[in-house]
file coords01.cif (mmCIF, C-alpha atoms and all ligand atoms)
data_data
#
loop_
_atom_site.label_atom_id
_atom_site.label_comp_id
_atom_site.auth_asym_id
_atom_site.auth_seq_id
_atom_site.Cartn_x
_atom_site.Cartn_y
_atom_site.Cartn_z
CA MET A 3 4.41 -67.23 35.26
CA ASN A 4 5.55 -70.67 36.32
CA MET A 5 6.23 -72.41 33.04
CA ILE A 6 6.52 -76.18 33.38
CA THR A 7 8.88 -77.40 30.66
CA LYS A 8 9.79 -80.90 31.90
CA CYS A 9 7.65 -83.86 32.94
CA GLU A 10 7.66 -84.13 36.74
CA ARG A 11 7.75 -87.95 36.58
CA CYS A 12 10.06 -88.61 33.62
CA ASN A 13 12.21 -85.44 33.67
CA VAL A 14 12.12 -85.12 29.88
CA ASN A 15 11.18 -82.03 27.87
CA LEU A 16 7.46 -81.63 27.18
CA ARG A 17 6.11 -81.20 23.66
CA GLN A 18 3.53 -78.54 22.92
CA ARG A 19 0.14 -79.88 21.84
CA LYS A 20 -1.58 -78.27 18.88
CA THR A 21 -4.98 -78.71 20.50
CA PRO A 22 -6.05 -78.97 24.15
CA PRO A 23 -6.62 -82.51 25.45
CA LYS A 24 -10.29 -83.59 25.42
CA THR A 25 -10.09 -83.98 29.19
CA ALA A 26 -8.75 -80.46 29.76
CA MET A 27 -10.34 -79.12 32.91
CA ILE A 28 -8.45 -75.84 33.15
CA GLY A 29 -9.20 -72.68 31.16
CA ASP A 30 -9.41 -72.88 27.39
CA GLU A 31 -7.16 -72.22 24.41
CA LYS A 32 -7.40 -68.50 25.06
CA TYR A 33 -5.46 -68.54 28.29
CA TYR A 34 -3.43 -71.73 28.28
CA ASP A 35 -0.99 -73.60 26.13
CA TYR A 36 -1.12 -77.36 26.48
CA TRP A 37 1.97 -79.54 26.70
CA GLN A 38 2.43 -83.30 26.86
CA CYS A 39 5.14 -85.68 28.06
CA PRO A 40 6.33 -87.79 25.09
CA ILE A 41 6.88 -90.79 27.38
CA CYS A 42 4.03 -91.03 29.93
CA LYS A 43 1.61 -88.76 27.95
CA THR A 44 0.78 -86.67 31.02
CA ASN A 45 -0.77 -83.34 29.99
CA TYR A 46 0.33 -79.99 31.41
CA ALA A 47 -1.30 -76.56 31.06
CA ASN A 48 0.86 -73.44 31.10
CA PRO A 49 -0.42 -69.87 31.15
CA LYS A 50 0.00 -68.28 27.73
CA GLN A 51 2.83 -65.84 27.46
CA SER A 52 1.06 -62.54 26.90
CA TYR A 53 3.10 -59.45 26.07
CA MET A 54 2.62 -55.90 27.31
CA ALA A 55 3.84 -52.67 25.71
CA VAL A 56 4.53 -49.15 26.93
CA ASP A 57 4.76 -46.11 24.64
CA GLN A 58 6.87 -42.95 24.90
CA TYR A 59 4.15 -41.26 26.97
CA GLY A 60 4.13 -44.03 29.58
CA LYS A 61 0.80 -45.45 28.44
CA TYR A 62 0.51 -49.23 28.80
CA GLU A 63 -1.16 -51.71 26.47
CA GLN A 64 -1.93 -54.94 28.29
CA SER A 65 -2.81 -58.53 27.31
CA LEU A 66 -1.32 -58.35 23.83
CA GLY A 67 -1.10 -62.13 23.56
CA ALA A 68 1.74 -64.01 21.90
CA GLN A 69 1.90 -61.74 18.84
CA PRO A 70 2.10 -58.20 20.23
CA LYS A 71 2.83 -56.42 16.94
CA GLU A 72 -0.24 -57.86 15.22
CA GLU A 73 -2.41 -57.04 18.23
CA LEU A 74 -1.14 -53.42 18.40
CA LEU A 75 -1.77 -52.94 14.66
CA LYS A 76 -5.32 -54.15 15.24
CA ARG A 77 -5.90 -51.94 18.30
CA TYR A 78 -4.64 -48.81 16.52
CA ASN A 79 -6.35 -49.78 13.28
CA VAL A 80 -3.28 -49.35 11.10
CA LYS A 81 -1.46 -51.71 8.78
CA THR A 82 2.17 -50.62 9.03
CA SER A 83 4.83 -50.64 11.69
CA GLN A 84 8.51 -49.91 11.94
CA PRO A 85 10.87 -51.74 14.24
CA LEU A 86 12.01 -49.78 17.29
CA ILE A 87 15.72 -50.47 17.57
CA ILE A 88 17.87 -49.66 20.59
CA ASP A 89 21.54 -50.65 20.66
CA GLY A 90 21.09 -52.72 17.50
CA ARG A 91 18.28 -54.78 19.04
CA ILE A 92 14.57 -54.69 18.17
CA VAL A 93 12.79 -53.80 21.43
CA GLY A 94 9.37 -52.98 19.97
CA TRP A 95 7.63 -51.17 17.15
CA VAL A 96 6.64 -47.68 16.07
CA ILE A 97 2.91 -47.88 15.37
CA ALA A 98 0.59 -44.95 14.65
CA GLY A 99 3.09 -42.49 16.14
CA HIS A 100 3.54 -44.50 19.34
CA TRP A 101 6.98 -45.82 20.19
CA PHE A 102 6.10 -49.12 21.83
CA THR A 103 8.59 -51.06 23.90
CA VAL A 104 7.31 -54.64 24.19
CA PHE A 105 7.99 -56.96 27.13
CA LEU A 106 6.60 -59.88 29.10
CA PRO A 107 4.90 -58.78 32.32
CA PRO A 108 6.64 -59.70 35.57
CA GLU A 109 5.19 -62.63 37.49
CA GLY A 110 1.94 -61.86 39.30
CA LEU A 111 0.77 -59.09 37.00
ZN ZN B 201 6.31 -88.22 31.73
#
call {"tool": "encode", "arguments": {"input": "coords01.cif", "output": "structure tokens"}}
result
Amino acid sequence: MNMITKCERCNVNLRQRKTPPKTAMIGDEKYYDYWQCPICKTNYANPKQSYMAVDQYGKYEQSLGAQPKEELLKRYNVKTSQPLIIDGRIVGWVIAGHWFTVFLPPEGL
């Protein structure tokens, strides 16, 4: 995932757009987040960060989107979750008896 965070011309931080530009030629809202340079107004499209999870049996859940807990609750058709805490840090959720560790997939997956 090559996230572009600065304008290549102006070298300032991009701002995320709430809606895709009308001229967007790449993908749609489902797969890309759209960013814009506050100075020259150039638009950039970045692949959406989409989480993955693995449970205690080694089973993977892919393409969970930006809100992995909500997506897992939907996939397992349950309403409750508990945080999965390791070394004082939330690393995932316990959902429907699955201990999910949540992470961003490595580049190229
Ligand atoms: Zn710019």
call {"tool": "residues_near_ligand", "arguments": {"input": "coords01.cif", "ligand": "ligand ZN 201 (chain B)", "cutoff": "9 Å", "atoms": "only C-alpha atoms and all ligand atoms", "output": "list in words"}}
result
Lys8, Cys9, Glu10, Arg11, Cys12, Asn13, Val14, Asn15, Leu16, Gln38, Cys39, Pro40, Ile41, Cys42, Lys43, Thr44 and Asn45 of chain A
call {"tool": "closest_residue", "arguments": {"input": "coords01.cif", "among": "A:Lys20, A:Phe102, A:Ile87, A:Pro107", "to": "A:Ser65", "atoms": "only C-alpha atoms"}}
result
A:Pro107
call {"tool": "closest_residue", "arguments": {"input": "coords01.cif", "among": "A:Trp95, A:Tyr33, A:Tyr46, A:Tyr78", "to": "A:Arg17", "atoms": "only C-alpha atoms"}}
result
A:Tyr46
call {"tool": "closest_residue", "arguments": {"input": "coords01.cif", "among": "A:Val56, A:Lys61, A:Thr103, A:Ala98", "to": "A:Asn79", "atoms": "only C-alpha atoms"}}
result
A:Ala98
call {"tool": "residues_around", "arguments": {"input": "coords01.cif", "residues": "A:Val104", "least_positions_apart": "6", "cutoff": "8 Å", "atoms": "all atoms listed in the file", "output": "number ranges by chain"}}
result
A: 53-56, 70, 93-95
call {"tool": "atom_distance", "arguments": {"input": "coords01.cif", "atom1": "atom CA of A:Tyr34", "atom2": "atom CA of A:Arg77"}}
result
22.3 Å
call {"tool": "closest_residue", "arguments": {"input": "coords01.cif", "among": "A:Leu66, A:Val80, A:Leu74, A:Ile92", "to": "A:Leu106", "atoms": "all atoms listed in the file"}}
result
A:Leu66
call {"tool": "residues_near_point", "arguments": {"input": "coords01.cif", "point": "(6.6, -72.1, 32.8)", "cutoff": "10 Å", "atoms": "all atoms listed in the file", "output": "mmCIF file with C-alpha atoms, keeping the file's coordinate frame"}}
result
data_model
loop_
_atom_site.group_PDB
_atom_site.id
_atom_site.type_symbol
_atom_site.label_atom_id
_atom_site.label_comp_id
_atom_site.auth_asym_id
_atom_site.auth_seq_id
_atom_site.Cartn_x
_atom_site.Cartn_y
_atom_site.Cartn_z
ATOM 1 C CA MET A 3 4.410 -67.230 35.260
ATOM 2 C CA ASN A 4 5.550 -70.670 36.320
ATOM 3 C CA MET A 5 6.230 -72.410 33.040
ATOM 4 C CA ILE A 6 6.520 -76.180 33.380
ATOM 5 C CA THR A 7 8.880 -77.400 30.660
ATOM 6 C CA LYS A 8 9.790 -80.900 31.900
ATOM 7 C CA ALA A 47 -1.300 -76.560 31.060
ATOM 8 C CA ASN A 48 0.860 -73.440 31.100
ATOM 9 C CA PRO A 49 -0.420 -69.870 31.150
ATOM 10 C CA LYS A 50 0.000 -68.280 27.730
ATOM 11 C CA GLN A 51 2.830 -65.840 27.460
#
call {"tool": "atom_distance", "arguments": {"input": "coords01.cif", "atom1": "atom CA of A:Thr82", "atom2": "atom CA of A:His100"}}
result
12.1 Å
call {"tool": "atom_distance", "arguments": {"input": "coords01.cif", "atom1": "atom CA of A:Tyr62", "atom2": "atom CA of A:Tyr36"}}
result
28.3 Å
call {"tool": "closest_residue", "arguments": {"input": "coords01.cif", "among": "A:Arg19, A:Trp101, A:Trp37, A:Tyr59", "to": "A:Pro85", "atoms": "all atoms listed in the file"}}
result
A:Trp101
